[in-house]
Amino acid sequence: MGLNSAIFMASATSSSTSLLGPPFTTFSPNLQQINKICNLRINSDRRSSIRRDKCRRLCCSQVQIENETDEEACELVSGVEVSIGEGSDSVAAYLLTAVKNNNGTGILLLSDIFGFEDSCTRDFAYRIACNGYNVLLPDLFNGDPWRKGRSMSLFEPWLATHTQTATTNITASIKWMVESFVAAGISNKLGIVGFCFGGGKVIEVLAEDSDDRFGVGVSFYGTGIQPSVAAKIKAPVLYITGDEDPLCSVKVLEDIGRDNVGGSKVVVFNGRGHAFVHRPSSSEEDKDAEEAFTIMRNWLHNGLVVEK
């Protein structure tokens, strides 16, 4: 176990957080994903230098890819269930930590409406962790995420009753991460990543981050994003979406990118719809999902690790 991992475990167990299982139990990703975990292959002919238009919208093929991965280190990721807070207000979460190549940096990962136990989301959390990070994936919905197969007539009432719950749980998770990483001197800045519902929450969190706790953010096809809210953000944000996504308007992201808030970037994948990065449904989507992951990985590395 690396020094940073040992320090982090001590920090977690000495706080008000209780561990719900053996610390640092091995986390196994979906076996169908195993060949993709930390084994990204981007064709060299898709690499090029970044060319920006005035609103800083980037076509995926215009982003320079740096693809160096220690596959042995990627196999050494540990996971543990944690409970943030006490009593009825506690928040369940899953914490994944890189063991061999831990860089000491914390990433808060906000799920889509299907919650923190969803296999696609946990697989993605694993992939981030295997690049050296400590990833906290909280339960935003107190054990009641949106379930596939529910009648869509129930969605708006469900969303109305769970949005504030998510906000409260995110606030508790941030406080825990600040105490575990920043206050303990392990990391100067945190990162935040989110999909869909969580991608929209990334923008809200960063807009209210008056203490500059987050160094960078990544919003994958965030829903409900308001340019007026995004304009308040000081940290650089990477926005990734597809131009056929009905839930995340490219125009809205272009309006945000035009202001170039904090050095933010907008990357649009042509022909891609909603959730293509963490839920690819075809070999074509899978290829773009891998490229999007690499773009995100470089963004986190440059903003959180290089800038330390």
# chains A, B, ... in the order shown; residues from 1 in each chain; ligands from 1
>>> residues_around(residues="stretch 216-228 of chain A", least_positions_apart="2", cutoff="8 Å", atoms="only C-alpha atoms", output="PyMOL selection string")
chain A and resi 190-203+206+214+230-232+235-242+245+247-248+252-253+255-256+274-275+277+296+300+303-304
>>> write_last_selection(atoms="N, CA and C atoms", output="short mmCIF file (atom, residue, chain, number, x, y, z; two decimals), in the first residue's frame")
data_model
loop_
_atom_site.label_atom_id
_atom_site.label_comp_id
_atom_site.auth_asym_id
_atom_site.auth_seq_id
_atom_site.Cartn_x
_atom_site.Cartn_y
_atom_site.Cartn_z
N LEU A 190 -9.40 19.60 -5.20
CA LEU A 190 -10.21 18.44 -5.55
C LEU A 190 -10.70 18.59 -6.98
N GLY A 191 -11.11 17.49 -7.56
CA GLY A 191 -11.75 17.51 -8.87
C GLY A 191 -13.18 17.01 -8.74
N ILE A 192 -14.03 17.40 -9.67
CA ILE A 192 -15.42 16.95 -9.65
C ILE A 192 -15.83 16.57 -11.06
N VAL A 193 -16.49 15.41 -11.19
CA VAL A 193 -16.92 14.85 -12.47
C VAL A 193 -18.37 14.39 -12.31
N GLY A 194 -19.17 14.59 -13.35
CA GLY A 194 -20.55 14.14 -13.26
C GLY A 194 -21.14 13.81 -14.62
N PHE A 195 -22.13 12.90 -14.62
CA PHE A 195 -22.86 12.53 -15.83
C PHE A 195 -24.31 13.01 -15.75
N CYS A 196 -24.84 13.47 -16.85
CA CYS A 196 -26.29 13.71 -16.97
C CYS A 196 -26.79 14.57 -15.80
N PHE A 197 -27.61 14.01 -14.93
CA PHE A 197 -28.07 14.73 -13.74
C PHE A 197 -26.86 15.21 -12.94
N GLY A 198 -25.91 14.32 -12.73
CA GLY A 198 -24.71 14.69 -11.99
C GLY A 198 -23.87 15.72 -12.71
N GLY A 199 -23.89 15.68 -14.06
CA GLY A 199 -23.17 16.68 -14.84
C GLY A 199 -23.74 18.07 -14.65
N GLY A 200 -25.06 18.16 -14.52
CA GLY A 200 -25.69 19.44 -14.21
C GLY A 200 -25.34 19.92 -12.82
N LYS A 201 -25.27 18.97 -11.88
CA LYS A 201 -24.92 19.31 -10.50
C LYS A 201 -23.48 19.81 -10.39
N VAL A 202 -22.60 19.30 -11.26
CA VAL A 202 -21.22 19.79 -11.28
C VAL A 202 -21.19 21.30 -11.46
N ILE A 203 -22.01 21.79 -12.37
CA ILE A 203 -22.04 23.23 -12.65
C ILE A 203 -22.55 24.00 -11.45
N LEU A 206 -19.76 24.03 -8.69
CA LEU A 206 -18.64 24.91 -9.00
C LEU A 206 -19.05 26.38 -8.95
N PHE A 214 -12.34 23.22 -5.52
CA PHE A 214 -12.18 22.38 -6.70
C PHE A 214 -11.26 23.06 -7.71
N ALA A 230 -23.38 28.98 -14.93
CA ALA A 230 -22.03 28.63 -15.34
C ALA A 230 -21.10 29.84 -15.37
N ALA A 231 -21.66 31.01 -15.62
CA ALA A 231 -20.85 32.23 -15.69
C ALA A 231 -20.21 32.57 -14.34
N LYS A 232 -20.72 32.00 -13.26
CA LYS A 232 -20.18 32.28 -11.93
C LYS A 232 -18.97 31.40 -11.59
N ALA A 235 -13.32 27.97 -11.77
CA ALA A 235 -12.46 26.85 -12.15
C ALA A 235 -12.71 26.44 -13.59
N PRO A 236 -11.70 25.93 -14.27
CA PRO A 236 -11.90 25.46 -15.65
C PRO A 236 -12.76 24.20 -15.68
N VAL A 237 -13.69 24.17 -16.61
CA VAL A 237 -14.61 23.04 -16.74
C VAL A 237 -14.49 22.46 -18.15
N LEU A 238 -14.45 21.15 -18.22
CA LEU A 238 -14.48 20.44 -19.48
C LEU A 238 -15.90 19.94 -19.71
N TYR A 239 -16.53 20.42 -20.77
CA TYR A 239 -17.87 19.98 -21.13
C TYR A 239 -17.77 19.00 -22.30
N ILE A 240 -18.32 17.81 -22.14
CA ILE A 240 -18.32 16.82 -23.22
C ILE A 240 -19.74 16.39 -23.50
N THR A 241 -20.12 16.42 -24.77
CA THR A 241 -21.47 16.02 -25.15
C THR A 241 -21.47 15.54 -26.59
N GLY A 242 -22.62 15.07 -27.05
CA GLY A 242 -22.80 14.70 -28.44
C GLY A 242 -23.76 15.67 -29.11
N ASP A 245 -27.60 14.88 -28.75
CA ASP A 245 -28.13 14.68 -27.39
C ASP A 245 -29.32 15.62 -27.17
N LEU A 247 -30.95 16.05 -24.46
CA LEU A 247 -31.04 16.48 -23.07
C LEU A 247 -29.95 17.48 -22.68
N CYS A 248 -28.97 17.66 -23.56
CA CYS A 248 -27.89 18.60 -23.29
C CYS A 248 -27.65 19.42 -24.54
N VAL A 252 -26.43 25.72 -25.77
CA VAL A 252 -26.21 26.21 -24.41
C VAL A 252 -24.73 26.12 -24.05
N LEU A 253 -24.11 25.00 -24.40
CA LEU A 253 -22.69 24.84 -24.09
C LEU A 253 -21.84 25.80 -24.90
N ASP A 255 -22.79 28.78 -25.81
CA ASP A 255 -22.93 30.07 -25.13
C ASP A 255 -21.98 30.17 -23.95
N ILE A 256 -21.85 29.06 -23.21
CA ILE A 256 -20.92 29.04 -22.07
C ILE A 256 -19.48 29.13 -22.56
N HIS A 274 -27.17 10.96 -25.94
CA HIS A 274 -27.00 11.06 -24.50
C HIS A 274 -26.34 9.80 -23.93
N ALA A 275 -25.47 10.00 -22.97
CA ALA A 275 -24.85 8.94 -22.16
C ALA A 275 -23.90 8.04 -22.94
N VAL A 277 -20.74 8.13 -23.30
CA VAL A 277 -19.42 7.90 -22.73
C VAL A 277 -19.45 6.77 -21.69
N MET A 296 -10.79 13.45 -20.84
CA MET A 296 -11.06 13.76 -19.43
C MET A 296 -9.85 13.47 -18.57
N LEU A 300 -7.93 16.16 -16.11
CA LEU A 300 -7.74 16.01 -14.67
C LEU A 300 -6.25 16.04 -14.31
N GLY A 303 -4.83 19.61 -14.72
CA GLY A 303 -5.39 20.59 -13.80
C GLY A 303 -5.17 20.29 -12.33
N LEU A 304 -4.95 19.01 -12.00
CA LEU A 304 -4.86 18.64 -10.58
C LEU A 304 -3.50 18.08 -10.18
#
>>> select_by_dssp(residues="stretch 93-236 of chain A", states="alpha helix (DSSP H)", output="PyMOL selection string")
chain A and resi 119-129+155-177+196-207+227-230
>>> atom_distance(atom1="atom CA of A:Ser210", atom2="atom CA of A:Lys234")
8.9 Å
>>> atom_distance(atom1="atom CA of A:Ala92", atom2="atom CA of A:Asn142")
7.6 Å
>>> closest_residue(among="A:Arg258, A:Lys100, A:Lys287, A:Arg279", to="A:Tyr133", atoms="only C-alpha atoms")
A:Lys100
>>> closest_residue(among="A:Ser264, A:Ser78, A:Ser111, A:Asn302", to="A:Pro138", atoms="only C-alpha atoms")
A:Ser111
>>> select_by_dssp(residues="stretch 79-141 of chain A", states="strand (DSSP E or B)", output="list in words")
Gly79, Val80, Glu81, Val82, Ser83, Ile84, Val91, Ala92, Ala93, Tyr94, Leu95, Leu96, Thr97, Ala98, Gly106, Ile107, Leu108, Leu109, Leu110, Asn134, Val135, Leu136, Leu137 and Pro138 of chain A
>>> closest_residue(among="A:Asp144, A:Asp118, A:Asp286, A:Asp139", to="A:Asn169", atoms="only C-alpha atoms")
A:Asp139
>>> residues_around(residues="A:Ser187", least_positions_apart="3", cutoff="6 Å", atoms="only C-alpha atoms", output="JSON list (two decimals) with C-alpha atoms, in the first residue's frame")
[["chain", "number", "residue", "atom", "x", "y", "z"],
["A", 104, "GLY", "CA", -3.17, 11.84, -3.37],
["A", 105, "THR", "CA", -5.85, 13.72, -5.32],
["A", 181, "PHE", "CA", -7.90, 15.56, 1.67],
["A", 182, "VAL", "CA", -7.45, 19.31, 1.78]]
>>> atom_distance(atom1="atom CA of A:Val268", atom2="atom CA of A:Gly115")
25.1 Å
>>> closest_residue(among="A:Arg272, A:Lys189, A:Arg150, A:Arg122", to="A:Met177", atoms="only C-alpha atoms")
A:Lys189
>>> closest_residue(among="A:Ala292, A:Leu136, A:Cys130, A:Leu110", to="A:Ala93", atoms="only C-alpha atoms")
A:Leu136
>>> residues_around(residues="A:Tyr94", least_positions_apart="5", cutoff="8 Å", atoms="only C-alpha atoms", output="PDB file with C-alpha atoms, in the first residue's frame")
ATOM      1  CA  GLY A  79     -12.777  -0.170  -2.932  1.00  0.00           C
ATOM      2  CA  VAL A  80     -14.573   0.337   0.355  1.00  0.00           C
ATOM      3  CA  GLU A  81     -18.106   1.346   1.313  1.00  0.00           C
ATOM      4  CA  VAL A  82     -18.236   4.383   3.587  1.00  0.00           C
ATOM      5  CA  PHE A 116     -24.173   5.167  -7.319  1.00  0.00           C
ATOM      6  CA  LEU A 136     -15.730   9.197  -3.929  1.00  0.00           C
ATOM      7  CA  LEU A 137     -19.032   8.092  -5.445  1.00  0.00           C
ATOM      8  CA  PRO A 138     -21.897   9.108  -3.130  1.00  0.00           C
TER       9      PRO A 138
END
>>> residues_around(residues="A:Ala172", least_positions_apart="6", cutoff="8 Å", atoms="only C-alpha atoms", output="PyMOL selection string")
chain A and resi 84-85+91
>>> closest_residue(among="A:Phe276, A:Asp211, A:Asp89, A:Glu179", to="A:Phe293", atoms="only C-alpha atoms")
A:Phe276
